[in-house]
file coords_34.txt (compact mmCIF, C-alpha atoms)
# COMPACT_ATOMS: atom_id res chain seq x y z
CA MET Z 1370 0.00 0.00 0.00
CA THR Z 1371 2.76 2.41 0.89
CA SER Z 1372 5.17 1.13 -1.71
CA ILE Z 1373 5.42 2.90 -5.01
CA THR Z 1374 6.03 0.43 -7.79
CA THR Z 1375 8.48 1.26 -10.51
CA THR Z 1376 6.81 3.59 -12.93
CA ARG Z 1377 7.65 4.03 -16.55
CA SER Z 1378 9.47 7.21 -15.58
CA ASP Z 1379 11.60 5.42 -13.02
CA LEU Z 1380 12.39 2.78 -15.60
CA TYR Z 1381 13.39 5.31 -18.23
CA SER Z 1382 15.91 6.99 -15.95
CA GLU Z 1383 17.12 3.63 -14.67
CA VAL Z 1384 17.92 2.40 -18.17
CA GLN Z 1385 19.67 5.66 -19.07
CA GLN Z 1386 21.79 5.33 -15.93
CA PHE Z 1387 22.48 1.65 -16.76
CA TYR Z 1388 23.63 2.54 -20.29
CA ALA Z 1389 25.84 5.36 -19.03
CA ARG Z 1390 27.71 3.13 -16.63
CA GLN Z 1391 27.80 0.21 -19.09
CA MET Z 1392 29.30 2.22 -21.94
CA GLN Z 1393 31.67 4.21 -19.71
CA ALA Z 1394 33.04 0.80 -18.64
CA LEU Z 1395 33.49 -0.26 -22.28
CA ASP Z 1396 35.13 3.03 -23.27
CA SER Z 1397 37.52 2.70 -20.32
CA ARG Z 1398 38.44 -0.78 -21.61
CA LYS Z 1399 37.08 -2.38 -18.46
CA LEU Z 1400 36.02 -5.35 -20.55
CA GLU Z 1401 35.17 -7.67 -17.65
CA ALA Z 1402 33.00 -4.97 -16.06
CA TYR Z 1403 31.32 -4.45 -19.40
CA ALA Z 1404 30.75 -8.18 -19.90
CA ASP Z 1405 29.28 -8.35 -16.40
CA THR Z 1406 26.40 -6.15 -17.59
CA PHE Z 1407 25.25 -9.12 -19.69
CA THR Z 1408 23.45 -12.17 -18.34
CA GLU Z 1409 25.36 -15.44 -18.11
CA ASP Z 1410 23.49 -16.79 -21.17
CA ALA Z 1411 23.43 -13.53 -23.15
CA GLU Z 1412 23.79 -13.13 -26.87
CA PHE Z 1413 25.69 -10.16 -28.31
CA GLY Z 1414 25.97 -9.40 -31.99
CA HIS Z 1415 27.93 -6.20 -32.43
CA THR Z 1416 28.99 -6.60 -36.04
CA PRO Z 1417 26.62 -7.53 -38.87
CA GLY Z 1418 27.76 -10.64 -40.73
CA ARG Z 1419 29.69 -11.94 -37.74
CA VAL Z 1420 28.27 -14.73 -35.59
CA PRO Z 1421 26.98 -13.24 -32.30
CA ALA Z 1422 28.96 -14.07 -29.17
CA ARG Z 1423 27.12 -16.29 -26.71
CA THR Z 1424 27.49 -16.58 -22.92
CA ARG Z 1425 29.37 -14.07 -20.82
CA ALA Z 1426 32.63 -15.98 -21.23
CA GLY Z 1427 32.17 -15.93 -25.00
CA ILE Z 1428 31.44 -12.22 -24.91
CA ILE Z 1429 34.66 -11.53 -23.00
CA ARG Z 1430 36.71 -13.54 -25.52
CA ASP Z 1431 35.02 -11.67 -28.35
CA LEU Z 1432 35.66 -8.29 -26.73
CA TYR Z 1433 39.35 -9.01 -26.31
CA ALA Z 1434 39.58 -10.15 -29.93
CA ALA Z 1435 37.73 -7.06 -31.16
CA HIS Z 1436 39.96 -4.73 -29.17
CA GLU Z 1437 43.17 -6.19 -30.61
CA ARG Z 1438 42.82 -3.90 -33.62
CA PHE Z 1439 43.42 -0.94 -31.31
CA ALA Z 1440 46.82 -2.25 -30.20
CA ASP Z 1441 48.58 -0.44 -33.07
CA ASP Z 1442 46.03 2.36 -33.41
CA PRO Z 1443 45.53 4.04 -30.05
CA GLN Z 1444 42.32 6.00 -29.78
CA GLN Z 1445 39.78 6.97 -27.19
CA ARG Z 1446 36.41 5.67 -28.26
CA ARG Z 1447 33.10 6.93 -26.90
CA HIS Z 1448 29.75 5.23 -27.33
CA LEU Z 1449 26.82 7.63 -27.06
CA PHE Z 1450 23.34 6.14 -26.68
CA THR Z 1451 20.48 8.52 -27.36
CA MET Z 1452 16.82 8.51 -28.47
CA MET Z 1453 15.98 5.49 -26.32
CA ASP Z 1454 12.61 3.87 -27.05
CA LEU Z 1455 11.57 1.43 -24.31
CA ASP Z 1456 8.95 -1.25 -24.73
CA PRO Z 1457 8.38 -3.20 -21.49
CA GLN Z 1458 7.22 -6.78 -22.13
CA GLU Z 1459 4.71 -8.87 -20.23
CA ASP Z 1460 7.42 -11.26 -19.04
CA GLY Z 1461 9.18 -8.41 -17.25
CA SER Z 1462 11.89 -7.97 -19.85
CA ILE Z 1463 12.34 -4.63 -21.60
CA ARG Z 1464 12.91 -4.14 -25.29
CA SER Z 1465 15.02 -1.08 -25.92
CA THR Z 1466 15.74 0.44 -29.32
CA VAL Z 1467 18.35 3.14 -29.11
CA TYR Z 1468 20.62 5.13 -31.40
CA ALA Z 1469 24.35 4.74 -30.85
CA LEU Z 1470 27.12 6.94 -32.14
CA VAL Z 1471 30.71 5.82 -31.94
CA ILE Z 1472 33.23 8.64 -31.73
CA ALA Z 1473 36.99 8.09 -31.82
CA THR Z 1474 39.71 10.56 -30.92
CA ARG Z 1475 43.30 9.74 -31.78
CA PRO Z 1476 46.18 11.38 -29.89
CA GLY Z 1477 46.47 14.99 -31.02
CA GLY Z 1478 43.52 14.66 -33.37
CA ASN Z 1479 39.97 15.89 -33.54
CA PRO Z 1480 37.11 13.57 -32.65
CA GLU Z 1481 35.73 11.61 -35.58
CA LEU Z 1482 32.31 10.13 -36.05
CA VAL Z 1483 33.11 6.55 -36.95
CA ARG Z 1484 29.78 4.75 -36.73
CA SER Z 1485 26.05 5.39 -36.50
CA CYS Z 1486 24.08 2.39 -35.26
CA VAL Z 1487 20.73 1.24 -33.99
CA VAL Z 1488 21.02 -1.02 -30.94
CA HIS Z 1489 18.29 -3.55 -30.20
CA ASP Z 1490 18.48 -4.70 -26.61
CA VAL Z 1491 16.52 -7.07 -24.42
CA LEU Z 1492 17.10 -6.11 -20.79
CA VAL Z 1493 16.16 -8.18 -17.77
CA ARG Z 1494 16.27 -7.60 -14.06
CA GLU Z 1495 18.81 -9.65 -12.08
CA ASP Z 1496 19.99 -9.14 -8.51
CA GLY Z 1497 18.01 -5.90 -8.35
CA GLY Z 1498 19.75 -4.35 -11.35
CA LEU Z 1499 19.50 -4.56 -15.11
CA ARG Z 1500 21.43 -6.75 -17.50
CA ASN Z 1501 21.41 -7.36 -21.24
CA ARG Z 1502 19.98 -10.72 -22.18
CA SER Z 1503 20.69 -9.82 -25.77
CA ARG Z 1504 22.10 -6.98 -27.82
CA MET Z 1505 21.98 -6.81 -31.59
CA VAL Z 1506 23.60 -3.88 -33.36
CA GLU Z 1507 22.60 -2.64 -36.83
CA HIS Z 1508 25.12 -0.41 -38.60
CA ASP Z 1509 23.99 2.44 -40.83
CA GLY Z 1510 25.47 2.62 -44.30
CA LEU Z 1511 26.15 -1.03 -44.92
CA ASP Z 1512 26.04 -1.71 -48.65
CA MET K 962 -5.78 10.72 -2.77
CA THR K 963 -4.24 7.54 -4.05
CA SER K 964 -3.42 8.89 -7.47
CA ILE K 965 0.02 10.24 -8.12
CA THR K 966 -0.13 13.15 -10.49
CA THR K 967 2.42 13.51 -13.22
CA THR K 968 5.52 15.04 -11.74
CA ARG K 969 8.14 16.99 -13.57
CA SER K 970 10.31 13.88 -13.52
CA ASP K 971 7.59 11.79 -15.13
CA LEU K 972 7.12 14.46 -17.73
CA TYR K 973 10.80 14.67 -18.56
CA SER K 974 11.07 10.95 -19.24
CA GLU K 975 7.76 10.97 -21.09
CA VAL K 976 8.94 13.66 -23.49
CA GLN K 977 12.25 11.88 -24.06
CA GLN K 978 10.35 8.68 -24.87
CA PHE K 979 7.99 10.65 -27.15
CA TYR K 980 10.91 12.17 -29.07
CA ALA K 981 12.64 8.82 -29.42
CA ARG K 982 9.63 7.17 -31.01
CA GLN K 983 8.78 10.26 -33.08
CA MET K 984 12.22 10.61 -34.63
CA GLN K 985 12.75 6.85 -35.07
CA ALA K 986 9.54 6.98 -37.14
CA LEU K 987 10.91 9.84 -39.25
CA ASP K 988 14.28 8.18 -39.74
CA SER K 989 12.53 4.96 -40.83
CA ARG K 990 10.61 7.06 -43.41
CA LYS K 991 7.31 6.24 -41.73
CA LEU K 992 6.07 9.68 -42.72
CA GLU K 993 2.41 9.12 -41.83
CA ALA K 994 3.39 7.83 -38.40
CA TYR K 995 5.62 10.86 -37.95
CA ALA K 996 2.88 13.27 -39.07
CA ASP K 997 0.52 11.57 -36.62
CA THR K 998 2.68 12.88 -33.77
CA PHE K 999 1.44 16.39 -34.67
CA THR K 1000 -2.00 17.75 -33.82
CA GLU K 1001 -4.54 18.13 -36.61
CA ASP K 1002 -3.99 21.92 -36.66
CA ALA K 1003 -0.23 21.85 -36.08
CA GLU K 1004 2.34 24.16 -37.58
CA PHE K 1005 5.77 22.82 -38.56
CA GLY K 1006 8.59 24.98 -39.85
CA HIS K 1007 11.60 22.77 -40.45
CA THR K 1008 13.54 25.02 -42.82
CA PRO K 1009 14.23 28.69 -42.16
CA GLY K 1010 12.96 30.90 -44.98
CA ARG K 1011 10.36 28.37 -46.07
CA VAL K 1012 6.71 28.86 -45.13
CA PRO K 1013 5.81 26.47 -42.29
CA ALA K 1014 3.51 23.58 -43.15
CA ARG K 1015 0.06 23.78 -41.56
CA THR K 1016 -2.38 21.02 -40.60
CA ARG K 1017 -1.43 17.38 -40.48
CA ALA K 1018 -2.35 16.89 -44.14
CA GLY K 1019 -0.13 19.81 -45.09
CA ILE K 1020 2.71 18.38 -43.01
CA ILE K 1021 2.46 15.02 -44.80
CA ARG K 1022 2.57 16.71 -48.22
CA ASP K 1023 5.57 18.74 -47.11
CA LEU K 1024 7.37 15.68 -45.75
CA TYR K 1025 6.92 13.81 -49.03
CA ALA K 1026 8.17 16.84 -50.97
CA ALA K 1027 11.18 17.23 -48.66
CA HIS K 1028 12.08 13.55 -48.95
CA GLU K 1029 12.12 13.60 -52.77
CA ARG K 1030 15.68 14.89 -52.70
CA PHE K 1031 16.75 11.54 -51.21
CA ALA K 1032 15.40 9.60 -54.21
CA ASP K 1033 18.72 9.91 -56.05
CA ASP K 1034 20.88 10.18 -52.95
CA PRO K 1035 20.20 7.24 -50.66
CA GLN K 1036 21.27 7.78 -47.08
CA GLN K 1037 20.25 6.77 -43.61
CA ARG K 1038 19.48 9.89 -41.65
CA ARG K 1039 19.34 10.02 -37.85
CA HIS K 1040 17.89 12.85 -35.81
CA LEU K 1041 19.32 13.04 -32.30
CA PHE K 1042 17.55 15.24 -29.78
CA THR K 1043 19.55 16.08 -26.66
CA MET K 1044 19.80 18.79 -23.97
CA MET K 1045 16.04 19.07 -23.62
CA ASP K 1046 14.82 22.08 -21.62
CA LEU K 1047 11.15 21.79 -20.67
CA ASP K 1048 8.98 24.70 -19.62
CA PRO K 1049 5.43 23.58 -18.70
CA GLN K 1050 2.84 26.30 -19.31
CA GLU K 1051 -0.24 27.19 -17.28
CA ASP K 1052 -2.55 26.06 -20.08
CA GLY K 1053 -1.15 22.54 -19.85
CA SER K 1054 1.04 22.82 -22.93
CA ILE K 1055 4.77 22.27 -22.66
CA ARG K 1056 7.43 24.40 -24.30
CA SER K 1057 10.46 22.35 -25.16
CA THR K 1058 13.77 23.71 -26.41
CA VAL K 1059 16.08 20.96 -27.53
CA TYR K 1060 19.26 20.51 -29.54
CA ALA K 1061 19.01 18.37 -32.66
CA LEU K 1062 21.83 16.85 -34.64
CA VAL K 1063 21.19 15.38 -38.05
CA ILE K 1064 23.58 12.62 -39.05
CA ALA K 1065 23.58 11.02 -42.48
CA THR K 1066 25.31 7.82 -43.53
CA ARG K 1067 25.55 6.95 -47.23
CA PRO K 1068 26.04 3.35 -48.36
CA GLY K 1069 29.61 2.33 -47.65
CA GLY K 1070 30.43 5.68 -46.10
CA ASN K 1071 31.15 7.05 -42.66
CA PRO K 1072 28.47 8.97 -40.79
CA GLU K 1073 28.50 12.70 -41.43
CA LEU K 1074 27.24 15.50 -39.26
CA VAL K 1075 25.01 17.41 -41.63
CA ARG K 1076 23.09 19.79 -39.40
CA SER K 1077 23.06 21.25 -35.91
CA CYS K 1078 19.72 22.79 -34.92
CA VAL K 1079 17.71 24.12 -32.04
CA VAL K 1080 14.14 22.85 -32.04
CA HIS K 1081 11.38 24.92 -30.43
CA ASP K 1082 8.34 22.75 -29.73
CA VAL K 1083 4.95 23.30 -28.18
CA LEU K 1084 3.62 19.96 -27.00
CA VAL K 1085 0.07 19.22 -25.89
CA ARG K 1086 -1.65 16.21 -24.43
CA GLU K 1087 -4.19 14.45 -26.67
CA ASP K 1088 -5.78 11.04 -26.19
CA GLY K 1089 -3.50 10.42 -23.21
CA GLY K 1090 -0.29 10.96 -25.17
CA LEU K 1091 1.75 13.89 -26.39
CA ARG K 1092 1.61 15.64 -29.75
CA ASN K 1093 3.35 18.63 -31.30
CA ARG K 1094 1.08 21.61 -31.71
CA SER K 1095 4.00 23.40 -33.26
CA ARG K 1096 7.63 22.83 -34.14
CA MET K 1097 9.99 25.52 -35.33
CA VAL K 1098 13.56 24.60 -36.21
CA GLU K 1099 16.51 27.01 -36.15
CA HIS K 1100 19.60 25.95 -38.08
CA ASP K 1101 23.07 26.79 -36.85
CA GLY K 1102 25.43 28.43 -39.30
CA LEU K 1103 22.96 30.26 -41.47
CA ASP K 1104 24.60 33.32 -42.98
CA MET I 398 3.31 10.83 4.95
CA THR I 399 1.87 12.46 1.90
CA SER I 400 5.15 13.82 0.63
CA ILE I 401 7.13 11.86 -1.89
CA THR I 402 10.82 12.36 -1.40
CA THR I 403 13.09 12.86 -4.34
CA THR I 404 13.80 9.51 -5.86
CA ARG I 405 16.77 8.57 -7.93
CA SER I 406 14.52 8.88 -10.97
CA ASP I 407 13.51 12.41 -10.04
CA LEU I 408 17.15 13.26 -9.55
CA TYR I 409 18.20 11.87 -12.90
CA SER I 410 15.66 13.96 -14.78
CA GLU I 411 16.42 16.99 -12.64
CA VAL I 412 20.12 16.85 -13.48
CA GLN I 413 19.39 16.40 -17.18
CA GLN I 414 17.12 19.44 -17.07
CA PHE I 415 19.80 21.37 -15.15
CA TYR I 416 22.47 20.55 -17.74
CA ALA I 417 20.18 21.48 -20.62
CA ARG I 418 19.48 24.93 -19.26
CA GLN I 419 23.08 25.42 -18.12
CA MET I 420 24.63 24.60 -21.47
CA GLN I 421 21.98 26.39 -23.51
CA ALA I 422 22.96 29.48 -21.49
CA LEU I 423 26.65 28.96 -22.31
CA ASP I 424 25.97 28.35 -26.00
CA SER I 425 23.87 31.54 -26.13
CA ARG I 426 26.86 33.40 -24.63
CA LYS I 427 24.87 34.27 -21.54
CA LEU I 428 28.05 34.02 -19.52
CA GLU I 429 26.70 35.52 -16.29
CA ALA I 430 23.73 33.15 -16.38
CA TYR I 431 26.13 30.27 -16.97
CA ALA I 432 28.40 31.37 -14.13
CA ASP I 433 25.36 31.61 -11.88
CA THR I 434 24.94 27.82 -12.17
CA PHE I 435 28.13 27.50 -10.11
CA THR I 436 28.36 28.01 -6.36
CA GLU I 437 30.05 31.14 -5.06
CA ASP I 438 33.16 29.12 -4.09
CA ALA I 439 33.15 26.81 -7.11
CA GLU I 440 36.16 25.47 -8.97
CA PHE I 441 36.03 25.04 -12.74
CA GLY I 442 38.82 23.51 -14.78
CA HIS I 443 37.74 23.41 -18.39
CA THR I 444 41.14 23.06 -20.05
CA PRO I 445 43.76 20.53 -18.99
CA GLY I 446 47.06 22.18 -18.11
CA ARG I 447 45.41 25.49 -17.25
CA VAL I 448 44.87 26.48 -13.62
CA PRO I 449 41.18 25.99 -12.73
CA ALA I 450 39.14 29.15 -12.19
CA ARG I 451 38.00 29.69 -8.60
CA THR I 452 34.96 31.54 -7.24
CA ARG I 453 32.07 32.67 -9.39
CA ALA I 454 33.77 36.00 -10.11
CA GLY I 455 36.90 34.17 -11.24
CA ILE I 456 34.82 31.89 -13.44
CA ILE I 457 33.18 34.87 -15.16
CA ARG I 458 36.57 36.47 -15.84
CA ASP I 459 37.85 33.18 -17.22
CA LEU I 460 34.78 32.73 -19.44
CA TYR I 461 35.19 36.17 -20.96
CA ALA I 462 38.88 35.51 -21.57
CA ALA I 463 38.16 32.13 -23.14
CA HIS I 464 35.49 33.58 -25.41
CA GLU I 465 37.81 36.27 -26.81
CA ARG I 466 39.16 33.77 -29.32
CA PHE I 467 35.72 33.73 -30.97
CA ALA I 468 35.82 37.49 -31.65
CA ASP I 469 37.52 36.95 -35.01
CA ASP I 470 36.11 33.49 -35.64
CA PRO I 471 32.32 33.58 -35.34
CA GLN I 472 30.76 30.21 -34.75
CA GLN I 473 27.78 28.72 -33.01
CA ARG I 474 29.00 26.22 -30.46
CA ARG I 475 26.85 23.52 -28.91
CA HIS I 476 27.73 21.48 -25.85
CA LEU I 477 25.96 18.11 -25.74
CA PHE I 478 26.03 16.20 -22.47
CA THR I 479 25.07 12.53 -22.72
CA MET I 480 25.64 9.23 -20.93
CA MET I 481 25.27 10.76 -17.50
CA ASP I 482 26.35 8.56 -14.59
CA LEU I 483 25.17 9.90 -11.23
CA ASP I 484 26.64 8.91 -7.90
CA PRO I 485 24.83 10.59 -4.98
CA GLN I 486 27.09 11.10 -1.96
CA GLU I 487 26.27 10.80 1.73
CA ASP I 488 26.78 14.54 2.27
CA GLY I 489 23.98 15.29 -0.19
CA SER I 490 26.25 16.26 -3.06
CA ILE I 491 26.07 14.38 -6.34
CA ARG I 492 29.01 13.21 -8.37
CA SER I 493 28.20 13.21 -12.06
CA THR I 494 30.38 11.78 -14.80
CA VAL I 495 29.10 12.67 -18.22
CA TYR I 496 30.26 12.69 -21.83
CA ALA I 497 30.39 16.05 -23.56
CA LEU I 498 30.66 16.74 -27.26
CA VAL I 499 31.44 20.21 -28.51
CA ILE I 500 30.08 20.99 -31.97
CA ALA I 501 30.84 24.20 -33.83
CA THR I 502 29.11 25.57 -36.90
CA ARG I 503 30.62 28.50 -38.76
CA PRO I 504 28.46 30.73 -40.95
CA GLY I 505 27.61 28.87 -44.14
CA GLY I 506 29.47 25.77 -43.00
CA ASN I 507 28.60 22.28 -41.84
CA PRO I 508 28.72 21.42 -38.15
CA GLU I 509 32.08 20.12 -36.98
CA LEU I 510 32.89 17.91 -34.06
CA VAL I 511 35.60 19.87 -32.28
CA ARG I 512 35.96 18.15 -28.92
CA SER I 513 35.06 14.97 -27.07
CA CYS I 514 35.33 15.24 -23.30
CA VAL I 515 34.48 13.60 -20.03
CA VAL I 516 33.08 16.03 -17.49
CA HIS I 517 33.48 15.34 -13.76
CA ASP I 518 31.01 17.40 -11.75
CA VAL I 519 30.17 17.78 -8.10
CA LEU I 520 26.66 19.18 -7.83
CA VAL I 521 25.05 20.55 -4.69
CA ARG I 522 21.60 21.79 -3.84
CA GLU I 523 21.25 25.53 -3.15
CA ASP I 524 18.07 27.59 -2.92
CA GLY I 525 16.06 24.57 -4.02
CA GLY I 526 18.00 24.10 -7.25
CA LEU I 527 21.27 22.54 -8.32
CA ARG I 528 24.63 24.20 -8.76
CA ASN I 529 28.12 23.02 -9.66
CA ARG I 530 30.51 23.10 -6.73
CA SER I 531 33.17 21.88 -9.10
CA ARG I 532 33.60 20.89 -12.71
CA MET I 533 36.71 19.28 -14.13
CA VAL I 534 36.88 18.51 -17.83
CA GLU I 535 39.08 15.82 -19.38
CA HIS I 536 39.72 16.13 -23.12
CA ASP I 537 40.03 13.06 -25.30
CA GLY I 538 43.04 12.83 -27.58
CA LEU I 539 45.52 14.82 -25.56
CA ASP I 540 49.03 13.66 -26.41
call {"tool": "encode", "arguments": {"input": "coords_34.txt", "output": "structure tokens"}}
result
Amino acid sequence: MTSITTTRSDLYSEVQQFYARQMQALDSRKLEAYADTFTEDAEFGHTPGRVPARTRAGIIRDLYAAHERFADDPQQRRHLFTMMDLDPQEDGSIRSTVYALVIATRPGGNPELVRSCVVHDVLVREDGGLRNRSRMVEHDGLD
Amino acid sequence: MTSITTTRSDLYSEVQQFYARQMQALDSRKLEAYADTFTEDAEFGHTPGRVPARTRAGIIRDLYAAHERFADDPQQRRHLFTMMDLDPQEDGSIRSTVYALVIATRPGGNPELVRSCVVHDVLVREDGGLRNRSRMVEHDGLD
Amino acid sequence: MTSITTTRSDLYSEVQQFYARQMQALDSRKLEAYADTFTEDAEFGHTPGRVPARTRAGIIRDLYAAHERFADDPQQRRHLFTMMDLDPQEDGSIRSTVYALVIATRPGGNPELVRSCVVHDVLVREDGGLRNRSRMVEHDGLD
């Protein structure tokens, strides 16, 4: 009676906060912390045409492999999620469709817009917080 | 007594959600769905120096005309609204001043920043949701 | 009993609204209005390697000095804050870590991405609203 259940407004802010911390972890190359924002059985397809990574362990392996290309090309990447459209499901999961920009700044250079994407997430609640059960990324401009 | 009225926080998230769905519709070229986010008597001036479109039917005609230029120049456009400043009015309408970036990605190309704007909206509540009663767009960099 | 205390959700929207109005003031060159969003004893370090400005009067002087470079190079700048991670402290202050993009549009030109930053704020409540007690800006791509 006295408890206020989570409203749509609460949820909206909660997901924004979740994304902020999640992507700040990725951009700081805290790959384990980033992978920990996925469920144990999650699926993550970040590159069209590439088989999605499965399970958290698989996601970590995939992240390390994907970051190898930066070994010889240092750059600070930033992932900006905006225009978040949430669609809560009856099973308690949340479908989120959000725009993502990837910006890269090389030492001494100006920031460059390197990718415009649409991210399709399924979020679930675990241990009181949110996690990605799946993430599928569409890239703009693919031929 | 038991009802919780819409707070400013609820409103802020609600408008963000409204913009996300509205602009995802536009960027997917769902022009009727986009026009349906305006009131029947709305006014929409998206290009300085051009007479604003009036009424939803007029807005649809204008949208189709404006999108003709993309017939020979395929590109995925994204409209990103950020830095939203809301000013609720006594009559129940909401003035919203928000930054908009337009990003375009051509097939095989990198995303390009094509426009930086300030959007001046008047939003009203209709049928339980929000709609634009007017939208006026200022473009940065006009001579 | 009947009052609803500020929830995390309320706070998240409140800070977004605060940043929108704060940065719209800066981008409109309303420097006094911008400085007024800092506490009287605030510290503001916007450029790495430069001594942070202290006190509101010092911040205003610094803003005017920093804006002199635009006297011969007119441009509309926009500061976009996204991916806001809030960390409320026990003393009532709020640590905020947020991405900032600076976009500049010169007359007749396209918008350019001129800076990607991470902003580290400490916000406090004064006179019922929020103010920056400190702001420290990290720039991406520094050698």
call {"tool": "interface_residues", "arguments": {"input": "coords_34.txt", "of": "chain Z", "to": "chain I", "cutoff": "9 Å", "atoms": "all atoms listed in the file", "output": "ChimeraX atom specification"}}
result
/Z:1378-1383,1385-1390,1392-1393,1444-1451,1472-1482
call {"tool": "closest_atom_pairs", "arguments": {"input": "coords_34.txt", "of": "region 456-520 of chain I", "to": "region 427-432 of chain I", "cutoff": "12 Å", "atoms": "all atoms listed in the file", "output": "JSON lines"}}
result
{"residue": "I:Ile456", "atom": "CA", "partner": "I:Ala432", "partner_atom": "CA", "distance": 6.5}
{"residue": "I:Ile457", "atom": "CA", "partner": "I:Ala432", "partner_atom": "CA", "distance": 6.0}
{"residue": "I:Arg458", "atom": "CA", "partner": "I:Leu428", "partner_atom": "CA", "distance": 9.6}
{"residue": "I:Asp459", "atom": "CA", "partner": "I:Leu428", "partner_atom": "CA", "distance": 10.1}
{"residue": "I:Leu460", "atom": "CA", "partner": "I:Leu428", "partner_atom": "CA", "distance": 6.9}
{"residue": "I:Tyr461", "atom": "CA", "partner": "I:Leu428", "partner_atom": "CA", "distance": 7.6}
{"residue": "I:Ala462", "atom": "CA", "partner": "I:Leu428", "partner_atom": "CA", "distance": 11.1}
{"residue": "I:Ala463", "atom": "CA", "partner": "I:Leu428", "partner_atom": "CA", "distance": 10.9}
{"residue": "I:His464", "atom": "CA", "partner": "I:Leu428", "partner_atom": "CA", "distance": 9.5}
call {"tool": "axis_aligned_box", "arguments": {"input": "coords_34.txt", "around": "region 423-432 of chain I", "padding_each_side": "5 Å", "output": "AutoDock Vina command-line options"}}
result
--center_x 26.1 --center_y 31.9 --center_z -20.1 --size_x 14.7 --size_y 17.2 --size_z 22.0
call {"tool": "atom_distance", "arguments": {"input": "coords_34.txt", "atom1": "CA of Leu1492 (chain Z)", "atom2": "CA of Arg1504 (chain Z)"}}
result
8.7 Å
call {"tool": "closest_residue", "arguments": {"input": "coords_34.txt", "among": "I:Gln419, I:Thr436, I:Ser425, I:Ser490", "to": "Asp524 (chain I)", "atoms": "all atoms listed in the file"}}
result
I:Thr436
call {"tool": "residues_near_point", "arguments": {"input": "coords_34.txt", "point": "(34.1, 30.2, -5.7)", "cutoff": "9 Å", "atoms": "only C-alpha atoms", "output": "MDAnalysis selection string"}}
result
chainID I and resid 435:441 450:456 530
call {"tool": "atom_distance", "arguments": {"input": "coords_34.txt", "atom1": "CA of Arg528 (chain I)", "atom2": "CA of Pro449 (chain I)"}}
result
17.1 Å
call {"tool": "closest_residue", "arguments": {"input": "coords_34.txt", "among": "Z:Leu1499, Z:Met1505, Z:Arg1438, Z:Glu1459", "to": "Pro1417 (chain Z)", "atoms": "all atoms listed in the file"}}
result
Z:Met1505
call {"tool": "atom_distance", "arguments": {"input": "coords_34.txt", "atom1": "CA of Phe467 (chain I)", "atom2": "CA of His443 (chain I)"}}
result
16.4 Å
call {"tool": "closest_residue", "arguments": {"input": "coords_34.txt", "among": "I:Gly442, I:Asp470, I:Val412, I:Gln486", "to": "His517 (chain I)", "atoms": "all atoms listed in the file"}}
result
I:Gly442
